[in-house]
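**Student:** Sharing upload.cif (mmCIF, C-alpha atoms) below.
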data_work
#
loop_
_atom_site.label_atom_id
_atom_site.label_comp_id
_atom_site.auth_asym_id
_atom_site.auth_seq_id
_atom_site.Cartn_x
_atom_site.Cartn_y
_atom_site.Cartn_z
CA MET I 330 -10.84 4.21 -39.83
CA ASN I 331 -10.93 7.23 -37.56
CA LEU I 332 -10.78 5.92 -33.99
CA PHE I 333 -12.03 9.23 -32.65
CA SER I 334 -15.13 9.43 -34.87
CA PHE I 335 -17.48 8.41 -32.02
CA LEU I 336 -15.96 10.99 -29.69
CA GLU I 337 -16.03 13.68 -32.36
CA ASN I 338 -19.69 13.16 -33.17
CA ALA I 339 -21.62 15.98 -31.50
CA GLN I 340 -24.74 13.77 -31.25
CA ASN I 341 -22.95 11.67 -28.63
CA TRP I 342 -22.40 14.70 -26.42
CA THR I 343 -26.04 15.75 -26.00
CA THR I 344 -27.89 15.24 -22.72
CA ALA I 345 -29.98 12.46 -24.29
CA SER I 346 -30.31 9.16 -22.47
CA GLY I 347 -27.50 6.88 -23.63
CA ALA I 348 -25.19 9.69 -24.77
CA ILE I 349 -21.74 10.22 -23.23
CA PRO I 350 -22.71 12.64 -20.40
CA TYR I 351 -25.59 10.33 -19.38
CA ARG I 352 -23.36 7.23 -19.26
CA LEU I 353 -20.69 9.18 -17.38
CA GLY I 354 -23.36 10.18 -14.84
CA GLU I 355 -24.43 6.55 -14.44
CA HIS I 356 -20.83 5.47 -13.97
CA LEU I 357 -20.27 8.13 -11.30
CA PHE I 358 -23.57 7.18 -9.62
CA TYR I 359 -22.54 3.51 -9.33
CA THR I 360 -19.13 4.53 -8.06
CA VAL I 361 -20.26 7.03 -5.44
CA VAL I 362 -23.16 4.94 -4.09
CA SER I 363 -21.24 1.67 -3.84
CA VAL I 364 -18.16 3.27 -2.27
CA ALA I 365 -20.45 5.09 0.19
CA ILE I 366 -22.18 1.81 1.14
CA ALA I 367 -18.80 0.13 1.56
CA ALA I 368 -17.54 3.05 3.68
CA VAL I 369 -20.62 3.00 5.94
CA ILE I 370 -20.04 -0.72 6.61
CA GLY I 371 -16.25 -0.88 6.39
CA ILE I 372 -15.17 2.11 8.46
CA PRO I 373 -16.98 1.17 11.73
CA LEU I 374 -15.92 -2.48 11.32
CA GLY I 375 -12.34 -1.43 10.60
CA ILE I 376 -12.30 0.84 13.66
CA LEU I 377 -13.60 -2.05 15.79
CA VAL I 378 -10.93 -4.45 14.51
CA GLY I 379 -8.15 -1.85 14.68
CA HIS I 380 -9.11 -0.68 18.17
CA THR I 381 -9.57 -4.13 19.73
CA GLY I 382 -6.85 -5.87 17.71
CA ARG I 383 -9.22 -8.79 17.19
CA GLY I 384 -10.53 -10.27 13.98
CA ASN I 385 -7.55 -9.31 11.82
CA PHE I 386 -7.42 -12.80 10.30
CA VAL I 387 -11.03 -12.39 9.14
CA ILE I 388 -10.09 -9.20 7.30
CA ILE I 389 -7.04 -10.82 5.68
CA GLY I 390 -9.07 -13.86 4.61
CA PHE I 391 -11.86 -11.70 3.21
CA THR I 392 -9.39 -9.50 1.32
CA ASN I 393 -7.62 -12.47 -0.27
CA ALA I 394 -10.91 -14.14 -1.20
CA ALA I 395 -12.22 -10.92 -2.76
CA ARG I 396 -9.09 -10.66 -4.89
CA ALA I 397 -9.47 -14.21 -6.19
CA ILE I 398 -13.19 -14.03 -7.06
CA PRO I 399 -13.62 -13.14 -10.75
CA THR I 400 -15.73 -9.97 -10.72
CA LEU I 401 -17.31 -10.81 -14.07
CA GLY I 402 -18.59 -14.08 -12.59
CA PHE I 403 -19.81 -12.35 -9.45
CA VAL I 404 -21.74 -9.75 -11.49
CA ILE I 405 -23.28 -12.40 -13.74
CA LEU I 406 -24.29 -14.56 -10.77
CA MET I 407 -25.94 -11.59 -9.04
CA VAL I 408 -27.80 -10.51 -12.17
CA LEU I 409 -29.04 -14.08 -12.76
CA LEU I 410 -30.19 -14.26 -9.13
CA LEU I 411 -31.66 -10.77 -8.72
CA SER I 412 -32.59 -9.76 -12.28
CA SER I 413 -30.96 -6.85 -14.03
CA GLY I 414 -30.96 -3.20 -13.00
CA ALA I 415 -28.86 -1.15 -10.62
CA VAL I 416 -29.33 -3.22 -7.43
CA PRO I 417 -27.22 -6.33 -8.24
CA VAL I 418 -24.52 -4.10 -9.69
CA LEU I 419 -24.43 -1.91 -6.59
CA ILE I 420 -24.22 -5.01 -4.35
CA VAL I 421 -21.27 -6.42 -6.29
CA LEU I 422 -19.45 -3.09 -6.41
CA ALA I 423 -20.02 -2.43 -2.70
CA VAL I 424 -18.69 -5.90 -1.79
CA LEU I 425 -15.59 -5.24 -3.91
CA ALA I 426 -15.05 -1.80 -2.39
CA LEU I 427 -15.26 -3.19 1.14
CA PRO I 428 -11.86 -4.94 1.58
CA PRO I 429 -9.60 -1.95 0.78
CA ILE I 430 -11.61 0.36 3.07
CA LEU I 431 -11.80 -2.23 5.86
CA THR I 432 -8.10 -3.09 5.70
CA ALA I 433 -6.95 0.53 5.53
CA THR I 434 -9.19 1.62 8.44
CA ALA I 435 -8.10 -1.28 10.65
CA ALA I 436 -4.43 -0.69 9.81
CA GLY I 437 -4.76 3.07 10.38
CA VAL I 438 -6.47 2.73 13.76
CA ALA I 439 -4.14 -0.08 14.91
CA GLY I 440 -1.13 1.95 13.77
CA ALA I 441 -2.10 5.18 15.53
CA ASP I 442 0.88 6.49 17.53
CA SER I 443 0.80 4.40 20.69
CA ASN I 444 2.27 7.28 22.77
CA ALA I 445 -0.73 9.44 21.91
CA VAL I 446 -3.15 6.58 22.64
CA HIS I 447 -1.50 5.78 25.99
CA ALA I 448 -1.42 9.45 26.94
CA ALA I 449 -5.11 9.82 26.09
CA ARG I 450 -5.95 6.75 28.17
CA ALA I 451 -3.80 7.91 31.08
CA LEU I 452 -5.65 11.21 31.07
CA GLY I 453 -8.90 9.38 31.65
CA MET I 454 -10.44 9.40 28.15
CA THR I 455 -13.12 6.79 27.66
CA PRO I 456 -12.52 4.22 24.88
CA GLY I 457 -15.00 6.18 22.77
CA GLN I 458 -13.05 9.39 23.25
CA VAL I 459 -9.76 7.62 22.50
CA ILE I 460 -11.23 6.43 19.21
CA SER I 461 -12.93 9.65 18.15
CA LYS I 462 -10.31 12.15 19.34
CA VAL I 463 -7.02 10.28 18.92
CA GLU I 464 -7.11 7.13 16.83
CA TRP I 465 -9.59 8.28 14.16
CA PRO I 466 -7.86 11.60 13.29
CA LEU I 467 -4.52 9.81 13.11
CA ALA I 468 -5.97 7.05 10.93
CA LEU I 469 -7.82 9.39 8.55
CA PRO I 470 -5.14 9.71 5.82
CA LEU I 471 -4.83 5.93 5.60
CA VAL I 472 -8.63 5.49 5.60
CA LEU I 473 -8.85 7.88 2.66
CA SER I 474 -6.15 6.06 0.74
CA GLY I 475 -8.28 2.92 1.26
CA VAL I 476 -11.28 4.81 -0.15
CA ARG I 477 -9.08 5.83 -3.08
CA SER I 478 -8.12 2.28 -4.02
CA ALA I 479 -11.72 1.14 -3.52
CA THR I 480 -12.91 3.89 -5.89
CA LEU I 481 -10.46 2.84 -8.59
CA GLN I 482 -11.47 -0.78 -8.32
CA VAL I 483 -15.13 0.18 -8.57
CA VAL I 484 -14.61 2.41 -11.63
CA ALA I 485 -12.91 -0.51 -13.37
CA THR I 486 -15.44 -3.12 -12.32
CA ALA I 487 -18.44 -0.97 -13.17
CA THR I 488 -17.16 -1.24 -16.76
CA VAL I 489 -17.41 -5.02 -16.65
CA ALA I 490 -20.89 -4.76 -15.12
CA ALA I 491 -22.15 -3.22 -18.37
CA TYR I 492 -21.92 -6.69 -19.87
CA ALA I 493 -24.64 -7.88 -17.50
CA SER I 494 -27.07 -5.23 -18.79
CA ALA I 495 -26.04 -2.39 -16.47
CA GLY I 496 -25.42 1.17 -17.67
CA GLY I 497 -22.28 3.24 -17.31
CA LEU I 498 -19.39 3.87 -19.66
CA GLY I 499 -18.83 0.15 -20.10
CA ARG I 500 -21.96 0.14 -22.30
CA PHE I 501 -19.99 1.78 -25.11
CA ILE I 502 -17.38 -0.98 -24.95
CA VAL I 503 -19.90 -3.82 -24.74
CA ASP I 504 -22.29 -2.38 -27.35
CA GLY I 505 -19.41 -1.40 -29.62
CA LEU I 506 -18.04 -4.91 -29.34
CA ALA I 507 -21.40 -6.45 -30.19
CA SER I 508 -21.83 -4.28 -33.30
CA GLN I 509 -18.14 -4.27 -34.34
CA ASP I 510 -18.19 -0.50 -33.87
CA TYR I 511 -14.54 0.03 -33.05
CA PRO I 512 -14.65 3.84 -32.56
CA GLN I 513 -17.46 3.37 -30.00
CA MET I 514 -15.43 0.76 -28.09
CA PHE I 515 -12.40 2.98 -28.22
CA ALA I 516 -14.43 5.92 -26.89
CA GLY I 517 -15.66 3.81 -23.95
CA ALA I 518 -12.18 2.52 -23.15
CA LEU I 519 -10.64 5.99 -23.33
CA LEU I 520 -13.37 7.64 -21.24
CA VAL I 521 -13.20 5.00 -18.49
CA ALA I 522 -9.42 5.19 -18.35
CA LEU I 523 -9.57 9.00 -18.18
CA LEU I 524 -12.25 8.89 -15.46
CA ALA I 525 -10.13 6.45 -13.43
CA ILE I 526 -7.01 8.57 -13.83
CA VAL I 527 -8.79 11.85 -12.98
CA LEU I 528 -10.43 10.32 -9.87
CA ASP I 529 -7.11 8.78 -8.82
CA ILE I 530 -5.28 12.10 -9.14
CA LEU I 531 -8.06 13.99 -7.29
CA LEU I 532 -8.25 11.52 -4.40
CA GLY I 533 -4.46 11.26 -4.35
CA ALA I 534 -4.25 15.02 -3.94
CA VAL I 535 -6.76 14.89 -1.06
CA VAL I 536 -4.77 12.12 0.66
CA ALA I 537 -1.48 13.95 0.14
CA GLY I 538 -2.98 17.17 1.48
CA LEU I 539 -4.29 15.40 4.58
CA ARG I 540 -0.96 13.64 5.12
CA ARG I 541 0.93 16.91 4.89
CA ARG I 542 -1.41 18.52 7.39
CA ALA I 543 -1.91 15.41 9.51
CA ARG I 544 1.41 15.49 11.35
CA PRO I 545 1.43 18.95 12.88
CA THR I 546 -2.34 19.51 13.01
CA SER I 547 -3.41 16.21 14.47
CA ASP I 548 -0.55 16.25 16.98
CA ARG I 549 -1.66 19.69 18.04
CA ARG I 550 -5.30 18.62 18.07
CA VAL I 551 -4.44 15.60 20.21
CA ALA I 552 -2.48 17.80 22.58
CA VAL I 553 -5.40 20.25 22.83
CA GLU I 554 -7.99 17.50 23.34
CA VAL I 555 -5.76 15.77 25.87
CA SER I 556 -5.33 18.97 27.88
CA ALA I 557 -9.05 19.66 27.60
CA ALA I 558 -9.80 16.18 28.91
CA ALA I 559 -7.42 16.73 31.80
CA MET S 832 -29.90 -23.54 -7.94
CA SER S 833 -28.32 -26.92 -7.59
CA PRO S 834 -25.68 -27.58 -10.24
CA ASP S 835 -26.58 -29.61 -13.29
CA TRP S 836 -24.16 -32.52 -12.84
CA ASP S 837 -25.10 -34.03 -16.20
CA TRP S 838 -23.96 -30.88 -17.96
CA LEU S 839 -20.68 -30.99 -16.03
CA ALA S 840 -20.11 -34.66 -16.91
CA ARG S 841 -20.85 -34.04 -20.59
CA ASN S 842 -18.53 -31.03 -20.80
CA THR S 843 -15.58 -32.16 -18.69
CA GLY S 844 -13.26 -32.20 -21.70
CA MET S 845 -14.17 -28.65 -22.72
CA ILE S 846 -13.87 -27.39 -19.13
CA LEU S 847 -10.41 -28.95 -18.73
CA ARG S 848 -9.31 -27.40 -22.02
CA LEU S 849 -10.47 -23.95 -20.82
CA LEU S 850 -8.69 -24.55 -17.51
CA GLY S 851 -5.45 -25.32 -19.35
CA LEU S 852 -5.82 -22.21 -21.49
CA HIS S 853 -6.53 -20.20 -18.32
CA VAL S 854 -3.27 -21.40 -16.76
CA VAL S 855 -1.30 -20.41 -19.88
CA LEU S 856 -3.01 -17.00 -20.17
CA SER S 857 -2.23 -16.21 -16.51
CA VAL S 858 1.29 -17.65 -16.19
CA LEU S 859 2.67 -15.92 -19.30
CA PRO S 860 1.81 -12.32 -18.29
CA VAL S 861 3.07 -12.83 -14.74
CA LEU S 862 6.39 -14.23 -16.02
CA ILE S 863 6.78 -11.45 -18.60
CA GLY S 864 5.93 -8.87 -15.94
CA LEU S 865 8.44 -10.33 -13.49
CA VAL S 866 11.28 -10.57 -16.02
CA LEU S 867 10.76 -6.94 -17.07
CA ALA S 868 10.06 -5.62 -13.56
CA ILE S 869 13.45 -6.58 -12.13
CA PRO S 870 15.63 -4.44 -14.45
CA ILE S 871 13.06 -1.60 -14.55
CA GLY S 872 12.69 -1.67 -10.76
CA TYR S 873 16.46 -1.64 -10.36
CA LEU S 874 16.78 1.40 -12.64
CA VAL S 875 13.96 3.21 -10.81
CA SER S 876 15.53 2.48 -7.43
CA ARG S 877 18.74 4.12 -8.69
CA CYS S 878 16.90 7.38 -9.47
CA GLY S 879 17.22 8.65 -5.91
CA PRO S 880 14.65 11.27 -4.95
CA LEU S 881 12.93 10.94 -8.35
CA ALA S 882 12.05 7.29 -7.68
CA ASN S 883 8.91 8.09 -5.70
CA ALA S 884 7.59 10.42 -8.39
CA ILE S 885 8.26 7.78 -11.06
CA LEU S 886 6.42 5.17 -8.97
CA ALA S 887 3.44 7.49 -8.49
CA VAL S 888 3.10 8.08 -12.24
CA TRP S 889 3.74 4.37 -12.88
CA GLY S 890 0.90 3.48 -10.47
CA ILE S 891 -1.57 5.31 -12.72
CA ILE S 892 -1.25 2.41 -15.19
CA TYR S 893 -3.07 0.31 -12.63
CA ALA S 894 -5.96 2.78 -12.74
CA ILE S 895 -6.77 1.83 -16.34
CA PRO S 896 -9.70 -0.61 -16.25
CA SER S 897 -8.86 -4.06 -17.63
CA LEU S 898 -11.68 -4.09 -20.18
CA ALA S 899 -10.50 -0.73 -21.53
CA LEU S 900 -6.94 -2.02 -21.85
CA PHE S 901 -8.05 -5.26 -23.55
CA VAL S 902 -10.04 -3.28 -26.09
CA ALA S 903 -7.26 -0.74 -26.68
CA MET S 904 -4.53 -3.36 -27.17
CA PRO S 905 -5.17 -4.09 -30.86
CA SER S 906 -4.76 -0.41 -31.76
CA ILE S 907 -1.58 -0.18 -29.66
CA LEU S 908 0.01 -3.43 -30.87
CA GLY S 909 -1.55 -3.65 -34.32
CA THR S 910 -2.90 -7.14 -33.54
CA LYS S 911 -6.27 -8.62 -34.47
CA ILE S 912 -9.01 -8.16 -31.88
CA LEU S 913 -9.30 -11.91 -31.15
CA ASP S 914 -5.55 -12.42 -30.85
CA PRO S 915 -4.61 -13.96 -27.45
CA VAL S 916 -1.56 -11.67 -27.51
CA ASN S 917 -3.93 -8.81 -26.53
CA VAL S 918 -4.93 -10.48 -23.28
CA VAL S 919 -1.38 -11.56 -22.43
CA ALA S 920 0.06 -8.11 -23.21
CA ALA S 921 -2.63 -6.22 -21.26
CA LEU S 922 -2.23 -8.47 -18.22
CA ALA S 923 1.57 -8.21 -18.44
CA VAL S 924 1.18 -4.42 -18.27
CA TYR S 925 -0.78 -4.77 -15.01
CA ALA S 926 1.70 -7.28 -13.60
CA LEU S 927 4.49 -4.87 -14.47
CA ALA S 928 2.65 -1.94 -12.88
CA LEU S 929 2.52 -3.76 -9.54
CA LEU S 930 5.80 -5.67 -9.63
CA VAL S 931 8.05 -2.68 -10.37
CA ARG S 932 6.92 -1.21 -7.05
CA SER S 933 7.62 -4.52 -5.30
CA VAL S 934 11.13 -4.65 -6.79
CA VAL S 935 11.85 -1.07 -5.69
CA ASP S 936 10.45 -1.73 -2.19
CA GLY S 937 12.46 -4.95 -2.00
CA LEU S 938 15.74 -3.32 -3.01
CA ARG S 939 15.07 -0.52 -0.54
CA SER S 940 14.52 -3.04 2.25
CA VAL S 941 18.18 -4.18 2.01
CA PRO S 942 19.98 -2.58 4.97
CA ALA S 943 22.72 -0.10 4.08
CA GLU S 944 25.22 -1.90 6.38
CA VAL S 945 24.77 -5.09 4.37
CA LYS S 946 25.46 -3.28 1.11
CA GLN S 947 28.51 -1.54 2.60
CA SER S 948 29.82 -4.84 3.98
CA ALA S 949 29.48 -6.41 0.55
CA THR S 950 31.42 -3.52 -1.00
CA ALA S 951 34.06 -3.76 1.73
CA LEU S 952 34.44 -7.46 0.92
CA GLY S 953 35.32 -6.51 -2.64
CA TYR S 954 31.98 -7.05 -4.42
CA GLY S 955 31.64 -4.94 -7.57
CA SER S 956 28.28 -3.24 -8.11
CA THR S 957 26.92 -5.92 -10.49
CA ARG S 958 28.01 -8.81 -8.33
CA ARG S 959 26.68 -7.04 -5.24
CA LEU S 960 23.30 -6.60 -6.96
CA LEU S 961 23.06 -10.23 -8.10
CA ARG S 962 24.53 -11.96 -5.05
CA VAL S 963 23.45 -9.70 -2.18
CA GLU S 964 20.77 -7.15 -2.99
CA LEU S 965 18.41 -9.17 -5.22
CA PRO S 966 18.40 -12.28 -2.97
CA LEU S 967 17.59 -10.10 0.02
CA ALA S 968 14.91 -8.22 -1.97
CA MET S 969 13.28 -11.48 -3.09
CA PRO S 970 10.94 -11.95 -0.11
CA VAL S 971 9.28 -8.58 -0.85
CA ILE S 972 9.20 -9.31 -4.59
CA PHE S 973 7.57 -12.67 -3.89
CA ALA S 974 4.92 -11.00 -1.75
CA GLY S 975 4.09 -8.80 -4.76
CA LEU S 976 4.25 -11.82 -7.05
CA ARG S 977 1.54 -13.59 -5.03
CA VAL S 978 -0.80 -10.59 -5.25
CA VAL S 979 -0.15 -10.23 -8.99
CA THR S 980 -0.70 -13.93 -9.70
CA VAL S 981 -4.02 -14.10 -7.89
CA SER S 982 -5.38 -10.94 -9.50
CA THR S 983 -4.14 -11.97 -12.96
CA ILE S 984 -5.93 -15.33 -12.72
CA SER S 985 -9.12 -13.48 -11.82
CA LEU S 986 -8.63 -10.81 -14.53
CA VAL S 987 -8.19 -13.33 -17.36
CA THR S 988 -11.95 -13.94 -17.17
CA VAL S 989 -12.62 -10.38 -18.37
CA GLY S 990 -11.04 -11.45 -21.67
CA ALA S 991 -14.29 -13.36 -22.26
CA LEU S 992 -15.88 -10.03 -23.18
CA ILE S 993 -13.50 -9.75 -26.14
CA GLY S 994 -14.00 -13.42 -26.95
CA LEU S 995 -10.98 -14.89 -25.19
CA GLY S 996 -11.48 -15.47 -21.50
CA ALA S 997 -10.58 -19.14 -20.98
CA LEU S 998 -12.67 -20.03 -17.90
CA GLY S 999 -14.35 -16.65 -18.33
CA ASP S 1000 -16.06 -18.09 -21.43
CA LEU S 1001 -18.06 -20.29 -19.03
CA LEU S 1002 -19.32 -17.13 -17.32
CA THR S 1003 -20.51 -15.42 -20.50
CA TYR S 1004 -21.96 -18.68 -21.85
CA GLY S 1005 -23.91 -19.12 -18.60
CA PHE S 1006 -25.16 -15.55 -18.73
CA ASN S 1007 -26.27 -15.76 -22.36
CA SER S 1008 -28.24 -18.94 -21.69
CA ALA S 1009 -29.35 -17.94 -18.15
CA PHE S 1010 -27.82 -21.19 -16.89
CA TYR S 1011 -26.21 -21.21 -13.42
CA THR S 1012 -24.03 -24.30 -13.69
CA PRO S 1013 -21.34 -22.91 -16.05
CA VAL S 1014 -21.25 -19.62 -14.11
CA LEU S 1015 -20.71 -21.41 -10.79
CA THR S 1016 -18.20 -23.79 -12.40
CA GLY S 1017 -16.22 -20.85 -13.78
CA ILE S 1018 -16.18 -18.96 -10.48
CA VAL S 1019 -15.21 -22.03 -8.42
CA LEU S 1020 -12.44 -23.09 -10.81
CA VAL S 1021 -10.96 -19.57 -10.96
CA VAL S 1022 -10.92 -19.28 -7.17
CA VAL S 1023 -9.43 -22.78 -6.77
CA LEU S 1024 -6.81 -22.03 -9.43
CA ALA S 1025 -5.90 -18.78 -7.66
CA LEU S 1026 -5.57 -20.53 -4.29
CA VAL S 1027 -3.45 -23.32 -5.80
CA ALA S 1028 -1.19 -20.83 -7.59
CA ASP S 1029 -0.78 -18.84 -4.38
CA ALA S 1030 0.18 -22.00 -2.47
CA VAL S 1031 2.64 -23.03 -5.22
CA ILE S 1032 4.39 -19.64 -5.07
CA LEU S 1033 4.51 -19.83 -1.28
CA LEU S 1034 6.10 -23.31 -1.48
CA LEU S 1035 8.55 -22.11 -4.15
CA GLN S 1036 9.49 -19.23 -1.90
CA ARG S 1037 10.04 -21.53 1.10
CA GLY S 1038 12.18 -23.83 -1.03
CA LEU S 1039 14.18 -21.25 -2.96
CA LEU S 1040 14.50 -18.57 -0.32
CA PRO S 1041 14.84 -20.23 3.07
CA TRP S 1042 15.90 -16.87 4.51
CA SER S 1043 12.55 -15.26 3.77
CA LYS S 1044 10.58 -16.68 6.71
CA GLY S 1045 8.63 -14.11 8.58
CA VAL S 1046 8.11 -11.68 5.69
CA ARG S 1047 4.41 -11.22 5.25
CA THR S 1048 2.21 -10.13 2.41
CA ALA S 1049 1.11 -6.55 2.85
#
Using the file provided, produce a representation of the structure as structure tokens.
**Tutor:**
Amino acid sequence: MNLFSFLENAQNWTTASGAIPYRLGEHLFYTVVSVAIAAVIGIPLGILVGHTGRGNFVIIGFTNAARAIPTLGFVILMVLLLSSGAVPVLIVLAVLALPPILTATAAGVAGADSNAVHAARALGMTPGQVISKVEWPLALPLVLSGVRSATLQVVATATVAAYASAGGLGRFIVDGLASQDYPQMFAGALLVALLAIVLDILLGAVVAGLRRRARPTSDRRVAVEVSAAA
Amino acid sequence: MSPDWDWLARNTGMILRLLGLHVVLSVLPVLIGLVLAIPIGYLVSRCGPLANAILAVWGIIYAIPSLALFVAMPSILGTKILDPVNVVAALAVYALALLVRSVVDGLRSVPAEVKQSATALGYGSTRRLLRVELPLAMPVIFAGLRVVTVSTISLVTVGALIGLGALGDLLTYGFNSAFYTPVLTGIVLVVVLALVADAVILLLQRGLLPWSKGVRTA
């Protein structure tokens, strides 16, 4: 049996609905939308917790609970409750993407160099200015590494969601499994793994680039903003 | 969506059997991962400046989705698709991916003065590793072990998609028959099992490593 026969078949590479590029598009759509929803909710909440230092135990509890909940069960429950389609899948994926973004943002803001924060405060910056001009730029690399782990988790879980009648690359695995079509399953598994690895490397490069630039640039930026505020 | 208690009462035996299988399918990979992670982590930590690069490449393993790994296992191991070895091996790979980093972090957390003192007291490198470095690295390794155990227990359910998910079978059964009770039962039991396992490891750590108080999970 040629494991690569599904991947080598040109018919599977057309733009038709259900072919590889279409499923890849669906998978990317789920990933981008759910991570974006999680970021829109998680980043402001994380800034609030990191800035005030309150509510950390809620974040830790939520993160631990999210790790223990079986995603397959969560997806199935949502689909049974809300019917199939993209909405229940996006809800589940966004909920799963939330903890890493929330934790990383809170940790990044709380861990911003206290000298810079004190200096900014001493120079008369309002709490809003301290957040937007000092804490946020310093926290950014960590926030992005949170987005990176959230993205990976979502890529993996979106695969499982295919079982509960969602689209995406997981369809090949689930459909291949149902029809004992091993090359199709193998194609799905390989494509998802490759997508995860490519996204991880890309986001990793962005984080590393930011980290490398973060030290000198953000210090300089803080210094400039601080002198401007003075 | 109130649970169907009759169904639960009628199927208690089957549910307990799946629970037992779930425990086996989660404990085995974590133990295999731990046993392999300690020597591998030690070797990586000895690689000096290369260690971080090795860890970064190693971390990519964790990027492979569980379903993909479950499905790929038979062609890697030459096993049958319904063989439980596939699930155990795939989950052991994940456990290993996370625990090697914990072992390296743990060994790095041992202060240099402590290592030098041990050498000055006449400890050879093996004895120093076993009697000084590993015990002091254990709190960090245990923190990783708790994360790995909880996520392994939750990941076992994905095995249901390849026909071997222990409690995960309740989830797929419930979905196929549009019946809430087994789905809720599966979710609740997995979460409870994860919490119990986490508490057991924490108690083990308190008992075995009384010096580890104050080290927190990341």
**Student:** Select, as an NGL selection string, those residues of chain I with any atom no more than 8 Å from chain S (distances computed using all atoms listed in the file).
**Tutor:** :I and (394 or 396-403 or 405-406 or 409 or 481-482 or 484-486 or 488-489 or 492-493 or 502-503 or 506 or 514-515 or 517-519 or 521-523 or 525-526 or 529)
**Student:** Create the file for the chosen residues now, containing C-alpha atoms and written as a PDB file, keeping the file's coordinate frame.
**Tutor:**
ATOM      1  CA  ALA I 394     -10.910 -14.140  -1.200  1.00  0.00           C
ATOM      2  CA  ARG I 396      -9.090 -10.660  -4.890  1.00  0.00           C
ATOM      3  CA  ALA I 397      -9.470 -14.210  -6.190  1.00  0.00           C
ATOM      4  CA  ILE I 398     -13.190 -14.030  -7.060  1.00  0.00           C
ATOM      5  CA  PRO I 399     -13.620 -13.140 -10.750  1.00  0.00           C
ATOM      6  CA  THR I 400     -15.730  -9.970 -10.720  1.00  0.00           C
ATOM      7  CA  LEU I 401     -17.310 -10.810 -14.070  1.00  0.00           C
ATOM      8  CA  GLY I 402     -18.590 -14.080 -12.590  1.00  0.00           C
ATOM      9  CA  PHE I 403     -19.810 -12.350  -9.450  1.00  0.00           C
ATOM     10  CA  ILE I 405     -23.280 -12.400 -13.740  1.00  0.00           C
ATOM     11  CA  LEU I 406     -24.290 -14.560 -10.770  1.00  0.00           C
ATOM     12  CA  LEU I 409     -29.040 -14.080 -12.760  1.00  0.00           C
ATOM     13  CA  LEU I 481     -10.460   2.840  -8.590  1.00  0.00           C
ATOM     14  CA  GLN I 482     -11.470  -0.780  -8.320  1.00  0.00           C
ATOM     15  CA  VAL I 484     -14.610   2.410 -11.630  1.00  0.00           C
ATOM     16  CA  ALA I 485     -12.910  -0.510 -13.370  1.00  0.00           C
ATOM     17  CA  THR I 486     -15.440  -3.120 -12.320  1.00  0.00           C
ATOM     18  CA  THR I 488     -17.160  -1.240 -16.760  1.00  0.00           C
ATOM     19  CA  VAL I 489     -17.410  -5.020 -16.650  1.00  0.00           C
ATOM     20  CA  TYR I 492     -21.920  -6.690 -19.870  1.00  0.00           C
ATOM     21  CA  ALA I 493     -24.640  -7.880 -17.500  1.00  0.00           C
ATOM     22  CA  ILE I 502     -17.380  -0.980 -24.950  1.00  0.00           C
ATOM     23  CA  VAL I 503     -19.900  -3.820 -24.740  1.00  0.00           C
ATOM     24  CA  LEU I 506     -18.040  -4.910 -29.340  1.00  0.00           C
ATOM     25  CA  MET I 514     -15.430   0.760 -28.090  1.00  0.00           C
ATOM     26  CA  PHE I 515     -12.400   2.980 -28.220  1.00  0.00           C
ATOM     27  CA  GLY I 517     -15.660   3.810 -23.950  1.00  0.00           C
ATOM     28  CA  ALA I 518     -12.180   2.520 -23.150  1.00  0.00           C
ATOM     29  CA  LEU I 519     -10.640   5.990 -23.330  1.00  0.00           C
ATOM     30  CA  VAL I 521     -13.200   5.000 -18.490  1.00  0.00           C
ATOM     31  CA  ALA I 522      -9.420   5.190 -18.350  1.00  0.00           C
ATOM     32  CA  LEU I 523      -9.570   9.000 -18.180  1.00  0.00           C
ATOM     33  CA  ALA I 525     -10.130   6.450 -13.430  1.00  0.00           C
ATOM     34  CA  ILE I 526      -7.010   8.570 -13.830  1.00  0.00           C
ATOM     35  CA  ASP I 529      -7.110   8.780  -8.820  1.00  0.00           C
TER      36      ASP I 529
END
**Student:** Care to translate the PyMOL selection byres ((chain I and resi 361-376) around 9) into actual residues of this file, as a ChimeraX atom specification?
**Tutor:** /I:356-360,377-381,388,418-439,460,464-465,472,476,479-480,483
**Student:** Could you tell me, as a compact mmCIF listing (two decimals) with C-alpha atoms, in the coordinates of the input, exactly which residues end up selected when the PyMOL selection byres ((chain S and resi 874-881) around 10) is applied to this structure?
**Tutor:**
# COMPACT_ATOMS: atom_id res chain seq x y z
CA ALA S 868 10.06 -5.62 -13.56
CA ILE S 869 13.45 -6.58 -12.13
CA PRO S 870 15.63 -4.44 -14.45
CA ILE S 871 13.06 -1.60 -14.55
CA GLY S 872 12.69 -1.67 -10.76
CA TYR S 873 16.46 -1.64 -10.36
CA ALA S 882 12.05 7.29 -7.68
CA ASN S 883 8.91 8.09 -5.70
CA ALA S 884 7.59 10.42 -8.39
CA ILE S 885 8.26 7.78 -11.06
CA LEU S 886 6.42 5.17 -8.97
CA VAL S 931 8.05 -2.68 -10.37
CA ARG S 932 6.92 -1.21 -7.05
CA VAL S 934 11.13 -4.65 -6.79
CA VAL S 935 11.85 -1.07 -5.69
CA ASP S 936 10.45 -1.73 -2.19
CA GLY S 937 12.46 -4.95 -2.00
CA LEU S 938 15.74 -3.32 -3.01
CA ARG S 939 15.07 -0.52 -0.54
**Student:** Could you jot down the atom CA of I:Asn385 to atom CA of I:Ala468 separation for me, Å, one decimal place?
**Tutor:**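 Distance reported for this atom pair: 16.5 Å.
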